[in-house]
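**Q** Attaching a single structure in structure tokens format; questions to follow.
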Amino acid sequence: AEVHANADVKSVVFTSAKESGFVAGADIFDISSVEDKSTLVPVIEEALDFFLHMKSKGAPMVAAIHGPALGGGLEWALWCDYRICTDSSSTKMGLPEVKLGLLPGFGGTQNLPALVGVQGAIDIMLTGKDIRPKKAKQMGLVDLVVAPQSLEAVAIETAEGLANGTVRKSGPKKKSLVNRLVEDTPPGRHVMWNQVKKMVDKNTAGNYPAPYEIIDCVKYGLANPDGLGK
């Protein structure tokens with residue numbers, strides 16, 4: 001609220017003072033201890049309202065990532081206009097919720113496909129695997145990879161550049177012709193979703209609902225590109 005109301009704030013950098021990581025996601029033990037899971041809905045809605053409120057200010061937001069950015073941590077970074085991570089061996093990104101029988105709840109099912117493409121996003125969300133800096137840069141998950149000692153200075157410089165127009169906001173990674181045919185045409189999507197379902201059926205035998213819910217969320221986002229799916 002303080003940032004949003006301050007007209008002097010032209011851009012924002014999100015980082016962590018902790019060496020242990022960027023932003024931690026939700027504590028799975030806290031979630032599992034909640035008997036009535038419907039009580040978590042207001043928590044999710046409050047988080048989404050926060051991000052939408054921040055975006056509404058129009059000030060560019062930069063995520064400066066060192067160490068793990070997993071689950072809600074990566075989802076936080078996905079709401080930003082630019083992502084910079086360090087080349088540290090401790091830096092990794094991912095959405096591991098599916099391993100816990102959950103799905104990303106802070107907009108990840110919408111923001112990740114928009115950034116890296118549907119196939120790349122589905123792979124990350126359905127496997128829950130970690131993405132290291134080099135791969136993150138290749139797939140468009142981050143815009144820059146820097147040395148840990150340079151992170152703060154580069155992030156601030158980038159935020160200033162975004163504010164004054166000398167740095168361009170991050171955009172979706174350019175798709176190859178094949179990926180455009182697969183992801184952006186009705187026949188291609190039909191084949192893609194059939195293949196994804198076959199893979200999930202094989203790996204889960206239909207016994208785990210989370211992967212199917214993730215797929216449904218992504219499909220909903222594609223059908224509602226106005227952003228209301230977020």
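We name chains A, B, ... following the order of the structure tokens; residues begin at 1 in each chain, and ligands are numbered from 1 as shown.
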Please provide as a list in words all residues within 7 Å of region 213-216 of chain A, with the sequence filter that same-chain residues fewer than 4 positions apart are discarded (counting only C-alpha atoms).
**A**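 So the residues in contact are Leu103, Thr109, Pro209 and Tyr220 of chain A.
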**Q** List the neighbours of Gly58 (chain A) out to 10 Å using only C-alpha atoms; skip same-chain residues closer than 2 positions along the sequence, and give me the result as a PyMOL selection string.
**A** chain A and resi 4+10-11+53-56+60-61+163
**Q** I need the residues from that last selection saved to file as a CSV table (one decimal), in the first residue's frame (with N, CA and C atoms), if you can.
**A**
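For reference, result_32.csv as written:
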chain,number,residue,atom,x,y,z
A,4,HIS,N,2.3,1.7,-3.5
A,4,HIS,CA,1.2,2.0,-4.4
A,4,HIS,C,0.8,3.5,-4.3
A,10,LYS,N,8.8,5.0,-8.9
A,10,LYS,CA,8.7,4.8,-10.3
A,10,LYS,C,8.9,3.4,-10.8
A,11,SER,N,9.6,2.6,-9.9
A,11,SER,CA,9.8,1.2,-10.2
A,11,SER,C,10.1,0.5,-8.9
A,53,HIS,N,-3.2,-5.4,-7.4
A,53,HIS,CA,-3.1,-4.0,-6.9
A,53,HIS,C,-1.7,-3.5,-7.3
A,54,MET,N,-0.7,-4.2,-7.1
A,54,MET,CA,0.7,-3.8,-7.4
A,54,MET,C,0.8,-3.5,-8.9
A,55,LYS,N,0.2,-4.4,-9.7
A,55,LYS,CA,0.3,-4.2,-11.2
A,55,LYS,C,-0.5,-3.0,-11.6
A,56,SER,N,-1.5,-2.7,-10.9
A,56,SER,CA,-2.4,-1.5,-11.3
A,56,SER,C,-1.7,-0.2,-11.2
A,60,PRO,N,7.1,-0.4,-13.1
A,60,PRO,CA,7.7,-1.7,-13.5
A,60,PRO,C,8.2,-2.4,-12.2
A,61,MET,N,8.1,-3.7,-12.2
A,61,MET,CA,8.5,-4.5,-11.1
A,61,MET,C,9.6,-5.5,-11.5
A,163,ALA,N,11.8,2.2,-15.9
A,163,ALA,CA,11.0,3.3,-15.6
A,163,ALA,C,11.2,4.5,-16.6
**Q** For Lys134 (chain A), list every protein, DNA or RNA residue within 9 Å, evaluated using only C-alpha atoms, and leave out those in the same chain fewer than 4 positions away; present the list as a ChimeraX atom specification.
**A** /A:87,138-139,145
**Q** Print the selection's residues with N, CA, C and O atoms to a file, as a short mmCIF file (atom, residue, chain, number, x, y, z; two decimals), in the first residue's frame.
**A**
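New file part14.cif:
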data_model
loop_
_atom_site.label_atom_id
_atom_site.label_comp_id
_atom_site.auth_asym_id
_atom_site.auth_seq_id
_atom_site.Cartn_x
_atom_site.Cartn_y
_atom_site.Cartn_z
N ASP A 87 23.81 -16.81 -11.00
CA ASP A 87 24.31 -18.08 -11.54
C ASP A 87 24.79 -19.01 -10.43
O ASP A 87 25.50 -19.98 -10.68
N GLN A 138 17.38 -19.76 -21.18
CA GLN A 138 17.12 -20.31 -22.51
C GLN A 138 15.62 -20.35 -22.81
O GLN A 138 15.20 -20.08 -23.94
N MET A 139 14.82 -20.69 -21.81
CA MET A 139 13.39 -20.85 -22.05
C MET A 139 12.60 -19.57 -21.82
O MET A 139 11.38 -19.54 -22.03
N VAL A 145 20.96 -13.47 -16.32
CA VAL A 145 21.65 -14.27 -15.30
C VAL A 145 22.94 -13.53 -14.98
O VAL A 145 23.72 -13.21 -15.88
#
**Q** My list of candidates is A:Ala69, A:Leu115, A:Leu40, A:Val13. Which is closest to Thr86 (chain A) when distances are computed with only C-alpha atoms?
**A** A:Ala69
**Q** Please provide the set of residues having any atom within 12 Å of region 117-119 of chain A, restricted to only C-alpha atoms, with same-chain residues fewer than 6 positions apart removed, written as a count of residues only.
**A** 36
**Q** Fewer than 2 positions away in the same chain doesn't count, so skip those; otherwise give me all residues within 10 Å of Val12 (chain A), counting only C-alpha atoms, as a list in words.
**A**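 Here the qualifying residues turn out to be Val3, Val9, Lys10, Phe14, Thr15, Met54, Ala59, Pro60, Met61, Val62, Ala63, Cys80, Asp81, Ala155, Ile156, Ala159, Glu160, Leu162 and Ala163 of chain A.
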**Q** With N, CA, C and O atoms retained, could you export that selection as a compact mmCIF listing (two decimals), in the first residue's frame?
**A**
# COMPACT_ATOMS: atom_id res chain seq x y z
N VAL A 3 3.92 1.58 -1.21
CA VAL A 3 4.52 1.74 -2.54
C VAL A 3 3.48 2.26 -3.52
O VAL A 3 3.73 3.17 -4.32
N VAL A 9 7.61 6.69 -6.28
CA VAL A 9 8.09 5.35 -6.62
C VAL A 9 7.80 5.08 -8.09
O VAL A 9 6.65 4.94 -8.49
N LYS A 10 8.85 5.02 -8.89
CA LYS A 10 8.69 4.82 -10.33
C LYS A 10 8.90 3.37 -10.76
O LYS A 10 8.51 2.98 -11.86
N PHE A 14 12.04 -6.47 -6.14
CA PHE A 14 11.77 -7.45 -5.09
C PHE A 14 12.98 -8.37 -4.97
O PHE A 14 13.39 -9.00 -5.95
N THR A 15 13.54 -8.44 -3.79
CA THR A 15 14.67 -9.33 -3.55
C THR A 15 14.59 -9.81 -2.11
O THR A 15 13.65 -9.47 -1.37
N MET A 54 -0.67 -4.24 -7.09
CA MET A 54 0.67 -3.77 -7.43
C MET A 54 0.79 -3.50 -8.93
O MET A 54 1.36 -2.49 -9.36
N ALA A 59 3.93 0.81 -12.18
CA ALA A 59 5.38 0.92 -11.99
C ALA A 59 6.02 -0.42 -12.30
O ALA A 59 5.58 -1.46 -11.80
N PRO A 60 7.06 -0.45 -13.13
CA PRO A 60 7.72 -1.71 -13.47
C PRO A 60 8.24 -2.42 -12.22
O PRO A 60 8.76 -1.78 -11.30
N MET A 61 8.09 -3.74 -12.20
CA MET A 61 8.54 -4.54 -11.06
C MET A 61 9.60 -5.53 -11.53
O MET A 61 9.42 -6.20 -12.54
N VAL A 62 10.69 -5.59 -10.77
CA VAL A 62 11.81 -6.48 -11.11
C VAL A 62 11.99 -7.49 -9.98
O VAL A 62 12.03 -7.12 -8.80
N ALA A 63 12.11 -8.75 -10.32
CA ALA A 63 12.41 -9.80 -9.34
C ALA A 63 13.90 -10.10 -9.43
O ALA A 63 14.42 -10.42 -10.49
N CYS A 80 6.12 -10.14 -11.94
CA CYS A 80 7.01 -9.00 -12.22
C CYS A 80 7.20 -8.81 -13.73
O CYS A 80 6.93 -9.71 -14.52
N ASP A 81 7.69 -7.63 -14.07
CA ASP A 81 7.90 -7.30 -15.48
C ASP A 81 9.25 -7.76 -16.00
O ASP A 81 9.48 -7.79 -17.21
N ALA A 155 19.82 -5.21 -10.78
CA ALA A 155 18.37 -5.13 -10.60
C ALA A 155 17.92 -3.68 -10.48
O ALA A 155 16.92 -3.27 -11.09
N ILE A 156 18.65 -2.89 -9.70
CA ILE A 156 18.29 -1.48 -9.52
C ILE A 156 18.45 -0.73 -10.84
O ILE A 156 17.58 0.07 -11.23
N ALA A 159 15.60 -1.69 -13.10
CA ALA A 159 14.34 -1.06 -12.67
C ALA A 159 14.29 0.40 -13.10
O ALA A 159 13.26 0.90 -13.57
N GLU A 160 15.41 1.10 -12.95
CA GLU A 160 15.48 2.50 -13.38
C GLU A 160 15.31 2.61 -14.89
O GLU A 160 14.62 3.50 -15.39
N LEU A 162 13.72 0.48 -16.86
CA LEU A 162 12.33 0.19 -17.21
C LEU A 162 11.46 1.42 -16.98
O LEU A 162 10.53 1.69 -17.74
N ALA A 163 11.77 2.15 -15.91
CA ALA A 163 10.98 3.33 -15.58
C ALA A 163 11.20 4.46 -16.57
O ALA A 163 10.25 5.18 -16.93
**Q** Compare A:Asp36, A:Asp130, A:Asp226, A:Asp8 by their minimum atom-to-atom distance to Leu74 (chain A), counting only C-alpha atoms, and give me the closest one.
**A**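 Result for the nearest residue to Leu74 (chain A): A:Asp130.
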